[in-house]
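So the structure is just underneath, and the comments pick up after that.
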Amino acid sequence: MITQEMTVRDAVLQYPAASDVFKRLKIDFCCGGNRPIQEAAEARGLDAAAVVQQLNDMKQSAPSIGIGMDWQYMSSRALIEYIVKKHHQYLRDQLPQIAANVERVYHVHGGDQPHLVQMAELFRQLRAELEAHIAKEEEISFPLIMRAEEDAGVVSHTDVRAVVAELEGEHDGAGNLLKQLREVTNDFTPPEHACTTYRITYARLEELEGMTFEHVHLENNVLFQRFGL
């Protein structure tokens with residue numbers, strides 16, 4: 001749990017999306033991030049308890065993973081609705097924020113740290129691919145899969161296979177880009193004297209990796225397996 005005594009910096013490092021809240025409230029989480037949240041909030045004339053409550057509510061409702069849910073016994077429709085609500089919404093919410101962090105670190109530090117040029121290029125490609133992927137899933141692939149489960153006479157498992165093969169290929173592509181991002185960032189390990197924004201960027205990229213892996217797992221290893229794929 002995030003507390004009022006925790007520093008702004010530590011709150012953001014523990015929960016990267018907290019940086020969006022601090023940014024909106026104009027609380028410095030980079031150079032001035034060593035102050036306790038209570039002190040930083042009061043300096044802005046804000047109720048520290050309300051700020052912390054907001055952060056903890058966000059953290060608890062984040063799509064961290066459906067612990068205790070038995071995916072195998074969910075209908076395909078219910079599983080798809082979960083993927084869209086949690087994983088697709090996560091991407092829609094977080095990709096623009098991660099992009100802002102990536103571009104800032106690249107522009108500030110890229111001149112003397114060439115690996116950040118690679119990081120920025122890889123992330124831009126990954127973002128474009130993920131955004132196109134979730135749009136295809138929602139508009140074409142998922143409706144077809146749901147129809148196949150609910151009325152095999154209209155859409156057969158054979159009809160699903162070509163669509164799923166494309167999705168799995170896109171999953172492989174995203175996985176490869178994430179692997180390269182991990183390599184160029186030294187396992188998302190920032191330099192020893194990196195600023196908070198630099199550290200947040202790496203933390204958010206690692207969070208994106210974990211969420212993407214779960215997204216792919218639910219589709220490749222649960223949803224698609226129902227169609228003999």
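As shown in the structure tokens, the chain order sets the letters A, B, ...; within each chain, residues go from 1, and ligands are also counted from 1 in the order they appear.
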Checklist entry - Could you name the residues that touch A:Cys195 at 12 Å or less, counting only C-alpha atoms, but leaving out those on the same chain fewer than 6 positions away, as a PyMOL selection string? => result chain A and resi 9+13+29-34+101+104-105+108-109+201-202
Proximity of stretch 53-151 of chain A to stretch 173-184 of chain A: per-residue shortest pair, 7 Å limit, only C-alpha atoms, as a Markdown table:
```
| residue | atom | partner | partner_atom | distance |
| --- | --- | --- | --- | --- |
| A:His115 | CA | A:Val184 | CA | 6.0 |
| A:Met119 | CA | A:Leu181 | CA | 6.0 |
| A:Leu122 | CA | A:Leu177 | CA | 6.4 |
| A:Leu126 | CA | A:Ala174 | CA | 6.3 |
```
Checklist entry - How far is it from atom CA of A:Asp20 to atom CA of A:Ile37, in Å with one decimal? => result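 Taking atom CA of A:Asp20 and atom CA of A:Ile37, their separation equals 14.4 Å.
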Checklist entry - Quick one: DSSP alpha helix (DSSP H) residues in stretch 24-62 of chain A, as JSON, numbers by chain? => result {"A": [24, 37, 38, 39, 40, 41, 42, 43, 48, 49, 50, 51, 52, 53, 54, 55, 56, 57, 58, 59, 60, 61]}
Take the selection from the previous step and output its residues with N, CA and C atoms, as a short mmCIF file (atom, residue, chain, number, x, y, z; two decimals), in the first residue's frame.
```cif
data_model
loop_
_atom_site.label_atom_id
_atom_site.label_comp_id
_atom_site.auth_asym_id
_atom_site.auth_seq_id
_atom_site.Cartn_x
_atom_site.Cartn_y
_atom_site.Cartn_z
N ARG A 24 -0.72 15.31 -13.05
CA ARG A 24 -1.98 16.05 -13.12
C ARG A 24 -2.11 17.02 -11.94
N ILE A 37 4.92 12.06 0.44
CA ILE A 37 3.71 12.46 -0.28
C ILE A 37 2.94 13.50 0.52
N GLN A 38 2.89 13.32 1.85
CA GLN A 38 2.15 14.28 2.68
C GLN A 38 2.70 15.69 2.52
N GLU A 39 4.01 15.82 2.59
CA GLU A 39 4.64 17.13 2.46
C GLU A 39 4.42 17.72 1.07
N ALA A 40 4.58 16.88 0.05
CA ALA A 40 4.42 17.36 -1.32
C ALA A 40 2.99 17.79 -1.60
N ALA A 41 2.04 17.03 -1.08
CA ALA A 41 0.63 17.36 -1.30
C ALA A 41 0.26 18.65 -0.57
N GLU A 42 0.69 18.78 0.68
CA GLU A 42 0.37 19.98 1.45
C GLU A 42 0.98 21.22 0.83
N ALA A 43 2.14 21.08 0.22
CA ALA A 43 2.79 22.21 -0.44
C ALA A 43 1.96 22.70 -1.63
N ALA A 48 -3.55 15.32 1.56
CA ALA A 48 -2.64 14.19 1.35
C ALA A 48 -3.36 12.86 1.45
N ALA A 49 -4.28 12.74 2.40
CA ALA A 49 -5.02 11.48 2.57
C ALA A 49 -5.83 11.17 1.32
N ALA A 50 -6.41 12.19 0.71
CA ALA A 50 -7.21 11.97 -0.50
C ALA A 50 -6.32 11.56 -1.68
N VAL A 51 -5.14 12.16 -1.74
CA VAL A 51 -4.20 11.80 -2.81
C VAL A 51 -3.79 10.34 -2.68
N VAL A 52 -3.44 9.94 -1.46
CA VAL A 52 -3.02 8.55 -1.22
C VAL A 52 -4.16 7.58 -1.49
N GLN A 53 -5.37 7.95 -1.08
CA GLN A 53 -6.53 7.09 -1.33
C GLN A 53 -6.74 6.88 -2.83
N GLN A 54 -6.58 7.97 -3.58
CA GLN A 54 -6.73 7.88 -5.03
C GLN A 54 -5.69 6.93 -5.63
N LEU A 55 -4.46 7.05 -5.17
CA LEU A 55 -3.39 6.19 -5.68
C LEU A 55 -3.66 4.72 -5.35
N ASN A 56 -4.05 4.45 -4.12
CA ASN A 56 -4.31 3.06 -3.72
C ASN A 56 -5.52 2.48 -4.44
N ASP A 57 -6.54 3.31 -4.67
CA ASP A 57 -7.71 2.82 -5.42
C ASP A 57 -7.31 2.44 -6.84
N MET A 58 -6.49 3.29 -7.46
CA MET A 58 -6.02 3.00 -8.81
C MET A 58 -5.18 1.73 -8.84
N LYS A 59 -4.29 1.62 -7.85
CA LYS A 59 -3.37 0.48 -7.81
C LYS A 59 -4.15 -0.82 -7.64
N GLN A 60 -5.17 -0.81 -6.78
CA GLN A 60 -5.93 -2.03 -6.51
C GLN A 60 -6.82 -2.42 -7.69
N SER A 61 -7.27 -1.42 -8.47
CA SER A 61 -8.15 -1.73 -9.59
C SER A 61 -7.39 -1.93 -10.89
#
```
Per residue of stretch 51-141 of chain A within 10 Å of stretch 205-217 of chain A, record the nearest atom pair and its distance in Å to one decimal, counting only C-alpha atoms, with rows in chain order and ascending residue number, as CSV.
```
residue,atom,partner,partner_atom,distance
A:Pro63,CA,A:Met211,CA,8.2
A:Ser64,CA,A:Met211,CA,7.6
A:Ile65,CA,A:Glu214,CA,7.9
A:Ile83,CA,A:His215,CA,6.9
A:Val84,CA,A:His215,CA,9.6
A:Lys86,CA,A:His215,CA,9.1
A:His87,CA,A:His215,CA,6.3
A:His88,CA,A:His215,CA,8.7
A:Tyr90,CA,A:Met211,CA,8.4
A:Leu91,CA,A:Leu208,CA,8.2
A:Gln94,CA,A:Leu208,CA,8.4
A:Leu95,CA,A:Leu208,CA,8.5
A:Ile98,CA,A:Leu205,CA,7.3
A:Ala99,CA,A:Leu205,CA,9.7
A:Asn101,CA,A:Leu205,CA,9.7
A:Val102,CA,A:Leu205,CA,8.9
A:Phe123,CA,A:Leu205,CA,8.7
A:Leu130,CA,A:Thr212,CA,9.2
```
Next on the checklist: Could you tell me how far atom CA of A:Arg127 sits from atom CA of A:Pro96, in Å to one decimal place?
Outcome noted: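 Those two atoms sit 8.8 Å apart.
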Item to check | Residue contacts of A:Arg44 (9 Å, only C-alpha atoms) excluding same-chain residues fewer than 5 positions away, as a VMD selection string | outcome: chain A and resid 25 to 27 39
Item to check | Non-local contacts of stretch 219-226 of chain A (8 Å; only C-alpha atoms; under 5 positions in same chain excluded) as a ChimeraX atom specification | outcome: /A:71-72,76,79,164,168
Item to check | Surrounding residues of A:Arg147 excluding itself and chain neighbours under 5 positions, 10 Å, only C-alpha atoms, as a PyMOL selection string | outcome: chain A and resi 76-77+142+152-156+160
Keeping only C-alpha atoms, write the selected residues as a tab-separated table (two decimals), in the first residue's frame.
```tsv
chain	number	residue	atom	x	y	z
A	76	SER	CA	-15.12	-17.67	-24.67
A	77	ARG	CA	-17.36	-14.59	-24.59
A	142	PHE	CA	-13.17	-11.74	-31.42
A	152	ALA	CA	-20.77	-23.60	-35.13
A	153	GLY	CA	-23.20	-23.91	-38.03
A	154	VAL	CA	-22.53	-20.31	-39.00
A	155	VAL	CA	-18.81	-20.15	-38.21
A	156	SER	CA	-16.86	-23.39	-37.90
A	160	VAL	CA	-11.40	-19.52	-37.03
```
Next on the checklist: Which residues are close to A:Pro16, i.e. within 7 Å by only C-alpha atoms, leaving aside same-chain residues fewer than 3 positions away? Reply as a ChimeraX atom specification.
Outcome noted: /A:12-13,19,200,203-204
Item to check | Spatial neighbours of A:Ala162, 12 Å, only C-alpha atoms, chain gap at least 4 places, as a PyMOL selection string | outcome: chain A and resi 141+144-145+156-158+166-169+224+227+229
